[in-house]
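Engineer: Handing you a structure now.
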Amino acid sequence: MELIPGAVQAIRRLTEAGLAVVLVTNQSGIARGLLSEADYLRVAERLDQVLHAFGVHVDATYYCPHHPDHSGPCDCRKPGTELYLRAVRELDVDPSASYYVGDKLSDVLPARALGGLGILVRTGYGAEVEPELPEDFLVADDVSGVVDLIIRDRGAPGR
Ligand SMILES: [Zn+2]
């Protein structure tokens with residue numbers, strides 16, 4: 001397992017700013033038979049251990065094991081909102097005061113349905129999909145830049 005550069009520091013800054021950090025991940029490899037649910041859970045547990053070793057943690061992780069072609073449609077595959085709504089219920093977070101971050105449109109589009117702010121990160125697939133990004137979304141070069149935007153936004157009046 002390899003962490004994205006700056007990931008640990010980004011999580012630390014968000015936690016220190018009083019935000020809950022939630023991972024929402026599409027794991028269609030499970031429906032496609034590329035890995036078992038147990039395999040995925042081992043990876044997720046390993047991630048928790050690695051983050052713990054760095055003295056940070058995510059508050060919750062939610063995953064969709066489905067793929068429409070293999071297991072039919074579902075409400076939890078991003079940009080579906082079911083996993084986010086679970087986080088809202090279980091962690092008592094305000095979806096309209098939340099940030100939806102990732103390197104794919106499906107990571108940021110839930111912001112539109114749930115009322116928060118979507119931020120595309122240019123690392124990973126982000127630079128590739130940026131031309132398709134609607135105007136009301138933000139973009140950052142990397143996860144550190146994402147945290148800068150979030151901290152600035154939280155300090156802005158009216159939010
Ligand atoms: Zn699903």
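Letters for chains follow the order of the structure tokens (A, B, ...), residue numbers begin at 1 for each chain, and ligand numbers begin at 1 in the order shown.
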Could you list, as a PyMOL selection string, all the residues within 9 Å of ligand 1, counting only C-alpha atoms and all ligand atoms?
Structural biologist: chain A and resi 26-28+63-68+71-78+80+82-83
Engineer: Go ahead and save the residues from that selection, with C-alpha atoms, as a PDB file, in the first residue's frame.
Structural biologist:
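Written output follows (part26.pdb):
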ATOM      1  CA  ASN A  26     -16.510   2.521  -5.238  1.00  0.00           C
ATOM      2  CA  GLN A  27     -15.131  -1.012  -5.131  1.00  0.00           C
ATOM      3  CA  SER A  28     -16.735  -2.503  -8.237  1.00  0.00           C
ATOM      4  CA  TYR A  63     -17.774   1.289   0.190  1.00  0.00           C
ATOM      5  CA  CYS A  64     -20.000   0.208  -2.649  1.00  0.00           C
ATOM      6  CA  PRO A  65     -19.212  -3.359  -3.766  1.00  0.00           C
ATOM      7  CA  HIS A  66     -21.509  -3.185  -6.800  1.00  0.00           C
ATOM      8  CA  HIS A  67     -21.239  -2.641 -10.519  1.00  0.00           C
ATOM      9  CA  PRO A  68     -24.323  -1.978 -12.644  1.00  0.00           C
ATOM     10  CA  SER A  71     -24.897  -6.706  -9.802  1.00  0.00           C
ATOM     11  CA  GLY A  72     -27.548  -4.338 -11.169  1.00  0.00           C
ATOM     12  CA  PRO A  73     -28.135  -0.727 -10.270  1.00  0.00           C
ATOM     13  CA  CYS A  74     -27.668   0.465  -6.694  1.00  0.00           C
ATOM     14  CA  ASP A  75     -27.985   3.722  -4.787  1.00  0.00           C
ATOM     15  CA  CYS A  76     -24.583   3.490  -3.123  1.00  0.00           C
ATOM     16  CA  ARG A  77     -22.215   3.627  -6.106  1.00  0.00           C
ATOM     17  CA  LYS A  78     -20.849   7.152  -6.431  1.00  0.00           C
ATOM     18  CA  GLY A  80     -25.155   7.936  -5.800  1.00  0.00           C
ATOM     19  CA  GLU A  82     -26.620   6.478  -0.204  1.00  0.00           C
ATOM     20  CA  LEU A  83     -23.180   6.110   1.414  1.00  0.00           C
TER      21      LEU A  83
END
Engineer: Determine, counting only C-alpha atoms, which protein, DNA and RNA residues have an atom within 10 Å of an atom of Val8 of chain A; residues of the same chain fewer than 4 positions away are not included. Present the result as a short mmCIF file (atom, residue, chain, number, x, y, z; two decimals) with N, CA and C atoms, in the first residue's frame.
Structural biologist:
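Final output, part-v2.cif:
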data_model
loop_
_atom_site.label_atom_id
_atom_site.label_comp_id
_atom_site.auth_asym_id
_atom_site.auth_seq_id
_atom_site.Cartn_x
_atom_site.Cartn_y
_atom_site.Cartn_z
N LEU A 3 0.64 5.46 0.13
CA LEU A 3 -0.20 6.64 0.35
C LEU A 3 0.17 7.73 -0.65
N ILE A 4 -0.82 8.50 -1.05
CA ILE A 4 -0.58 9.67 -1.89
C ILE A 4 0.27 10.66 -1.08
N ARG A 12 -4.48 15.10 8.87
CA ARG A 12 -4.17 15.72 10.17
C ARG A 12 -4.73 17.15 10.24
N ARG A 13 -4.51 17.91 9.19
CA ARG A 13 -5.01 19.30 9.19
C ARG A 13 -6.53 19.36 9.24
N VAL A 50 -1.95 1.73 8.72
CA VAL A 50 -0.90 2.62 8.24
C VAL A 50 -1.16 4.04 8.73
N LEU A 51 -2.41 4.48 8.62
CA LEU A 51 -2.74 5.84 9.07
C LEU A 51 -2.51 5.95 10.57
N HIS A 52 -2.90 4.92 11.30
CA HIS A 52 -2.71 4.92 12.75
C HIS A 52 -1.24 5.06 13.11
N PHE A 54 0.89 6.64 11.54
CA PHE A 54 1.27 8.04 11.34
C PHE A 54 0.55 8.97 12.31
N GLY A 55 -0.28 8.39 13.18
CA GLY A 55 -0.95 9.20 14.18
C GLY A 55 -2.18 9.94 13.67
N VAL A 56 -2.75 9.46 12.55
CA VAL A 56 -4.00 10.05 12.05
C VAL A 56 -5.03 8.94 11.84
N HIS A 57 -6.26 9.35 11.60
CA HIS A 57 -7.29 8.35 11.32
C HIS A 57 -8.39 8.98 10.48
N VAL A 143 -3.71 17.17 -2.69
CA VAL A 143 -4.54 17.11 -1.48
C VAL A 143 -4.22 18.26 -0.52
N SER A 144 -2.98 18.71 -0.53
CA SER A 144 -2.64 19.84 0.32
C SER A 144 -3.40 21.09 -0.13
#
Engineer: Between A:Leu23, A:Leu85, A:Ile30, A:Leu14, which residue has the minimum interatomic distance to Val146 of chain A, considering only C-alpha atoms?
Structural biologist: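 So, comparing all the options, the nearest one is A:Leu14.
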Engineer: Write out as a ChimeraX atom specification the set of residues from chain A that DSSP, computed on the backbone, places in alpha helix (DSSP H).
Structural biologist: /A:7-16,37-53,68-71,82-91,105-108,110-114,126-129,143-155
Engineer: Atom CA of Pro5 of chain A to atom CA of Asp48 of chain A: how many Å, to one decimal?
Structural biologist: 16.5 Å
Engineer: For Asp107 of chain A, please output as JSON, numbers by chain all residues within 7 Å (counting only C-alpha atoms; exclusion window: fewer than 5 positions along the same chain).
Structural biologist: {"A": [78, 79, 100, 101, 102]}
Engineer: Can those selected residues be exported to a file as a PDB file, in the first residue's frame so that it contains N, CA and C atoms?
Structural biologist:
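The new file result_39.pdb reads:
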ATOM      1  N   LYS A  78     -20.996   5.733  -6.119  1.00  0.00           N
ATOM      2  CA  LYS A  78     -20.849   7.152  -6.431  1.00  0.00           C
ATOM      3  C   LYS A  78     -21.060   7.379  -7.928  1.00  0.00           C
ATOM      4  N   PRO A  79     -21.752   8.411  -8.377  1.00  0.00           N
ATOM      5  CA  PRO A  79     -22.195   9.555  -7.579  1.00  0.00           C
ATOM      6  C   PRO A  79     -23.513   9.381  -6.819  1.00  0.00           C
ATOM      7  N   TYR A 100     -16.734  17.457  -0.866  1.00  0.00           N
ATOM      8  CA  TYR A 100     -16.757  16.197  -1.604  1.00  0.00           C
ATOM      9  C   TYR A 100     -15.541  16.201  -2.517  1.00  0.00           C
ATOM     10  N   VAL A 101     -14.537  15.425  -2.155  1.00  0.00           N
ATOM     11  CA  VAL A 101     -13.216  15.551  -2.764  1.00  0.00           C
ATOM     12  C   VAL A 101     -12.836  14.267  -3.481  1.00  0.00           C
ATOM     13  N   GLY A 102     -12.238  14.403  -4.658  1.00  0.00           N
ATOM     14  CA  GLY A 102     -11.716  13.228  -5.346  1.00  0.00           C
ATOM     15  C   GLY A 102     -11.169  13.609  -6.700  1.00  0.00           C
TER      16      GLY A 102
END
Engineer: Can you tell me, as a ChimeraX atom specification, which residues in chain A count as strand (DSSP E or B) by DSSP?
Structural biologist: /A:22-26,60-64,99-102,117-121,138-140
Engineer: Applying 12 Å and only C-alpha atoms, which residues near Asp153 of chain A remain after dropping the ones on its own chain fewer than 2 positions away? List them as number ranges by chain.
Structural biologist: A: 17, 97-99, 116-119, 138, 146-151, 155-159
Engineer: Point out the residue among A:Val58, A:Val22, A:Leu35, A:Ala10 with the least atom-to-atom distance to Arg86 of chain A, counting only C-alpha atoms.
Structural biologist: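 Using only C-alpha atoms, Arg86 of chain A sits closest to A:Val22.
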Engineer: From the set A:Leu105, A:Leu133, A:Val139, A:Ala44, which residue has the shortest atom-to-atom contact distance to Val121 of chain A, counting only C-alpha atoms?
Structural biologist: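 Of the candidates, the smallest distance to Val121 of chain A is held by A:Val139.
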Engineer: To one decimal place in Å, what is the distance between atom CA of Leu109 of chain A and atom CA of Thr25 of chain A?
Structural biologist: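 For atom CA of Leu109 of chain A relative to atom CA of Thr25 of chain A, the distance reads 13.7 Å.
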Engineer: How many Å separate atom CA of Glu2 of chain A from atom CA of Val43 of chain A?
Structural biologist: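 Atom CA of Val43 of chain A lies 11.3 Å from atom CA of Glu2 of chain A.
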Engineer: List as a count of residues only the protein and nucleic acid residues near Gly115 of chain A, meaning an atom at most 7 Å away when only C-alpha atoms are counted, but skip any in the same chain fewer than 4 places from it.
Structural biologist: 3
Engineer: Using only C-alpha atoms, which residues sit within 9 Å of Glu128 of chain A once same-chain residues fewer than 5 positions away are excluded, as number ranges by chain?
Structural biologist: A: 103-104, 122
Engineer: Looking at only C-alpha atoms, which of A:Met1, A:Ala20, A:Arg152, A:Gln9 is the one that sits closest to Gln49 of chain A?
Structural biologist: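 The shortest atom-to-atom distance to Gln49 of chain A comes from A:Met1.
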Engineer: Here is a test: counting only C-alpha atoms, which residue of A:Glu135, A:Asp39, A:Asp141, A:Asp59 is nearest to Leu91 of chain A?
Structural biologist: A:Asp59
